[in-house]
Amino acid sequence: MQAPSIFFHLRLIAKISLAVAISATLALVAGLTLVGAEGGDSYAALIRSHSLTGEYLGPAMLLAGLMLVAIAGVATWMIALYSSHRIAGPLYRFSQNLKLAAASDAAPMLELRKGDALLAQAANVKLAVTGLREHYAAVRGAAGQARAALAAGDAANYAEAVKRLKALDDKVRI
């Protein structure tokens, strides 16, 4: 399931790169068109046109270059932001799911968005949360059994409940 996501990102980057390249070409052609004055019929008009082109070519190319760097920077920033949200979002949901599991047995877990990364890890987090909830339920059950046996003065049931609690504790420590 990772391959389509990677392919999607590569296609997105290719489209943005193509757009930046087309923008660069259009900016350079527009800059040269605006800077290049029409030649004339006479030698003097041709020389004047050439000197104006030479005079304005440097600033025009600098302006076009700065504009292209700005476009490429914004495009790169947008790709980085989009990609980081597809990873940071799932990590945030993982932490919230663990907090919900520790706080309540009945709280529903937060699902990942359709295009998020880390979908395989989300399944592992769900398994971990389910195991955590089952462990908490088993500890509460054994503690309740121990409390009831202690209150009733039943040493055999109390010993069995403490044995279950120790087994649960050993399971966690492994």
# chains A, B, ... in the order shown; residues from 1 in each chain; ligands from 1

call {"tool": "residues_around", "arguments": {"residues": "Lys126 of chain A", "least_positions_apart": "4", "cutoff": "10 Å", "atoms": "only C-alpha atoms", "output": "JSON list (two decimals) with N, CA, C and O atoms, in the first residue's frame"}}
result
[["chain", "number", "residue", "atom", "x", "y", "z"],
["A", 94, "PHE", "N", -1.82, 8.59, 16.98],
["A", 94, "PHE", "CA", -1.29, 7.47, 17.77],
["A", 94, "PHE", "C", -1.20, 7.86, 19.25],
["A", 94, "PHE", "O", -1.62, 7.12, 20.13],
["A", 97, "ASN", "N", -4.65, 8.09, 20.77],
["A", 97, "ASN", "CA", -5.24, 6.78, 20.97],
["A", 97, "ASN", "C", -4.67, 6.10, 22.22],
["A", 97, "ASN", "O", -5.40, 5.46, 22.97],
["A", 98, "LEU", "N", -3.37, 6.26, 22.45],
["A", 98, "LEU", "CA", -2.78, 5.67, 23.65],
["A", 98, "LEU", "C", -3.30, 6.36, 24.92],
["A", 98, "LEU", "O", -3.56, 5.71, 25.93],
["A", 101, "ALA", "N", -6.82, 5.11, 25.46],
["A", 101, "ALA", "CA", -6.82, 3.73, 25.96],
["A", 101, "ALA", "C", -6.48, 3.68, 27.44],
["A", 101, "ALA", "O", -7.05, 2.89, 28.19],
["A", 109, "MET", "N", -11.34, 4.80, 19.27],
["A", 109, "MET", "CA", -10.02, 5.22, 18.81],
["A", 109, "MET", "C", -10.16, 6.15, 17.60],
["A", 109, "MET", "O", -11.10, 6.03, 16.82],
["A", 110, "LEU", "N", -9.22, 7.06, 17.46],
["A", 110, "LEU", "CA", -9.21, 7.99, 16.33],
["A", 110, "LEU", "C", -8.67, 7.27, 15.10],
["A", 110, "LEU", "O", -7.65, 6.59, 15.17],
["A", 111, "GLU", "N", -9.36, 7.43, 13.99],
["A", 111, "GLU", "CA", -8.94, 6.79, 12.74],
["A", 111, "GLU", "C", -8.04, 7.73, 11.95],
["A", 111, "GLU", "O", -8.10, 8.94, 12.10],
["A", 121, "GLN", "N", 1.40, 0.92, 10.48],
["A", 121, "GLN", "CA", 1.70, 1.13, 11.89],
["A", 121, "GLN", "C", 0.43, 1.42, 12.68],
["A", 121, "GLN", "O", 0.36, 1.11, 13.87],
["A", 122, "ALA", "N", -0.57, 1.99, 12.04],
["A", 122, "ALA", "CA", -1.84, 2.25, 12.72],
["A", 122, "ALA", "C", -2.50, 0.94, 13.16],
["A", 122, "ALA", "O", -3.08, 0.87, 14.25],
["A", 130, "THR", "N", -5.75, -2.40, 21.98],
["A", 130, "THR", "CA", -6.65, -3.49, 22.36],
["A", 130, "THR", "C", -6.01, -4.36, 23.45],
["A", 130, "THR", "O", -6.66, -4.72, 24.43],
["A", 131, "GLY", "N", -4.73, -4.69, 23.27],
["A", 131, "GLY", "CA", -4.02, -5.47, 24.29],
["A", 131, "GLY", "C", -3.93, -4.73, 25.62],
["A", 131, "GLY", "O", -4.07, -5.34, 26.69],
["A", 132, "LEU", "N", -3.70, -3.41, 25.55],
["A", 132, "LEU", "CA", -3.63, -2.61, 26.77],
["A", 132, "LEU", "C", -4.96, -2.61, 27.51],
["A", 132, "LEU", "O", -5.01, -2.77, 28.73]]

call {"tool": "residues_around", "arguments": {"residues": "segment 136-143 of chain A", "least_positions_apart": "2", "cutoff": "8 Å", "atoms": "only C-alpha atoms", "output": "number ranges by chain"}}
result
A: 132-134, 145-147, 161-162, 164-165, 168

call {"tool": "write_last_selection", "arguments": {"atoms": "all heavy atoms", "output": "compact mmCIF listing (two decimals), in the first residue's frame"}}
result
# COMPACT_ATOMS: atom_id res chain seq x y z
N LEU A 132 -3.70 -3.41 25.55
CA LEU A 132 -3.63 -2.61 26.77
C LEU A 132 -4.96 -2.61 27.51
O LEU A 132 -5.01 -2.77 28.73
CB LEU A 132 -3.20 -1.18 26.42
CG LEU A 132 -3.01 -0.20 27.57
CD1 LEU A 132 -1.87 -0.65 28.46
CD2 LEU A 132 -2.74 1.19 27.02
N ARG A 133 -6.04 -2.44 26.75
CA ARG A 133 -7.37 -2.45 27.37
C ARG A 133 -7.70 -3.81 27.98
O ARG A 133 -8.27 -3.90 29.07
CB ARG A 133 -8.42 -2.05 26.33
CG ARG A 133 -8.39 -0.57 26.02
CD ARG A 133 -9.41 -0.18 25.01
NE ARG A 133 -9.47 1.28 24.88
CZ ARG A 133 -10.11 1.91 23.93
NH1 ARG A 133 -10.78 1.23 23.02
NH2 ARG A 133 -10.12 3.23 23.89
N GLU A 134 -7.33 -4.88 27.28
CA GLU A 134 -7.56 -6.23 27.82
C GLU A 134 -6.74 -6.44 29.09
O GLU A 134 -7.23 -7.04 30.06
CB GLU A 134 -7.20 -7.28 26.77
CG GLU A 134 -8.18 -7.35 25.62
CD GLU A 134 -7.71 -8.26 24.50
OE1 GLU A 134 -6.59 -8.83 24.59
OE2 GLU A 134 -8.45 -8.39 23.51
N GLN A 145 -11.42 -9.53 42.41
CA GLN A 145 -11.51 -10.86 43.01
C GLN A 145 -10.73 -10.91 44.32
O GLN A 145 -11.20 -11.47 45.32
CB GLN A 145 -10.98 -11.91 42.03
CG GLN A 145 -11.01 -13.33 42.57
CD GLN A 145 -10.33 -14.33 41.63
OE1 GLN A 145 -9.84 -13.96 40.56
NE2 GLN A 145 -10.31 -15.58 42.03
N ALA A 146 -9.53 -10.30 44.33
CA ALA A 146 -8.73 -10.30 45.56
C ALA A 146 -9.44 -9.51 46.65
O ALA A 146 -9.46 -9.94 47.83
CB ALA A 146 -7.36 -9.70 45.28
N ARG A 147 -10.02 -8.35 46.29
CA ARG A 147 -10.75 -7.53 47.28
C ARG A 147 -11.93 -8.30 47.87
O ARG A 147 -12.15 -8.31 49.09
CB ARG A 147 -11.23 -6.25 46.61
CG ARG A 147 -10.91 -5.02 47.38
CD ARG A 147 -11.38 -3.74 46.71
NE ARG A 147 -10.47 -3.37 45.61
CZ ARG A 147 -10.79 -3.30 44.33
NH1 ARG A 147 -12.01 -3.52 43.93
NH2 ARG A 147 -9.90 -2.99 43.42
N ALA A 161 -6.29 -15.01 43.36
CA ALA A 161 -6.34 -13.67 42.78
C ALA A 161 -4.96 -13.03 42.79
O ALA A 161 -4.55 -12.38 41.80
CB ALA A 161 -7.35 -12.80 43.52
N VAL A 162 -4.22 -13.18 43.88
CA VAL A 162 -2.87 -12.63 43.95
C VAL A 162 -1.97 -13.32 42.94
O VAL A 162 -1.13 -12.67 42.29
CB VAL A 162 -2.31 -12.75 45.40
CG1 VAL A 162 -0.83 -12.44 45.44
CG2 VAL A 162 -3.08 -11.86 46.35
N ARG A 164 -2.95 -14.53 40.07
CA ARG A 164 -3.31 -13.95 38.76
C ARG A 164 -2.68 -12.57 38.59
O ARG A 164 -2.18 -12.23 37.51
CB ARG A 164 -4.84 -13.81 38.64
CG ARG A 164 -5.51 -15.04 38.11
CD ARG A 164 -6.99 -14.88 37.89
NE ARG A 164 -7.33 -13.76 37.02
CZ ARG A 164 -8.50 -13.13 37.04
NH1 ARG A 164 -9.44 -13.49 37.89
NH2 ARG A 164 -8.73 -12.13 36.22
N LEU A 165 -2.70 -11.76 39.65
CA LEU A 165 -2.09 -10.43 39.58
C LEU A 165 -0.59 -10.53 39.32
O LEU A 165 -0.04 -9.77 38.52
CB LEU A 165 -2.37 -9.64 40.87
CG LEU A 165 -3.77 -9.05 41.00
CD1 LEU A 165 -4.00 -8.51 42.40
CD2 LEU A 165 -3.97 -7.95 39.96
N LEU A 168 -0.05 -11.45 35.69
CA LEU A 168 -0.27 -10.28 34.84
C LEU A 168 0.92 -9.31 34.93
O LEU A 168 1.35 -8.74 33.92
CB LEU A 168 -1.56 -9.56 35.22
CG LEU A 168 -2.85 -10.29 34.84
CD1 LEU A 168 -4.07 -9.62 35.48
CD2 LEU A 168 -3.01 -10.33 33.32

call {"tool": "atom_distance", "arguments": {"atom1": "atom CA of Ala88 of chain A", "atom2": "atom CA of Ala117 of chain A"}}
result
9.0 Å

call {"tool": "closest_residue", "arguments": {"among": "A:Ala72, A:Met78, A:Ala14, A:Leu119", "to": "Arg93 of chain A", "atoms": "only C-alpha atoms"}}
result
A:Leu119

call {"tool": "residues_around", "arguments": {"residues": "segment 15-25 of chain A", "least_positions_apart": "5", "cutoff": "10 Å", "atoms": "only C-alpha atoms", "output": "PyMOL selection string"}}
result
chain A and resi 9-10+30-31+64-65+67-69+71-72+75-76+79

call {"tool": "atom_distance", "arguments": {"atom1": "atom CA of Gly115 of chain A", "atom2": "atom CA of Arg86 of chain A"}}
result
7.1 Å

call {"tool": "closest_residue", "arguments": {"among": "A:Val125, A:Ala70, A:Leu112, A:Leu62", "to": "Ile87 of chain A", "atoms": "only C-alpha atoms"}}
result
A:Leu112

call {"tool": "atom_distance", "arguments": {"atom1": "atom CA of Gly153 of chain A", "atom2": "atom CA of Ala167 of chain A"}}
result
22.3 Å
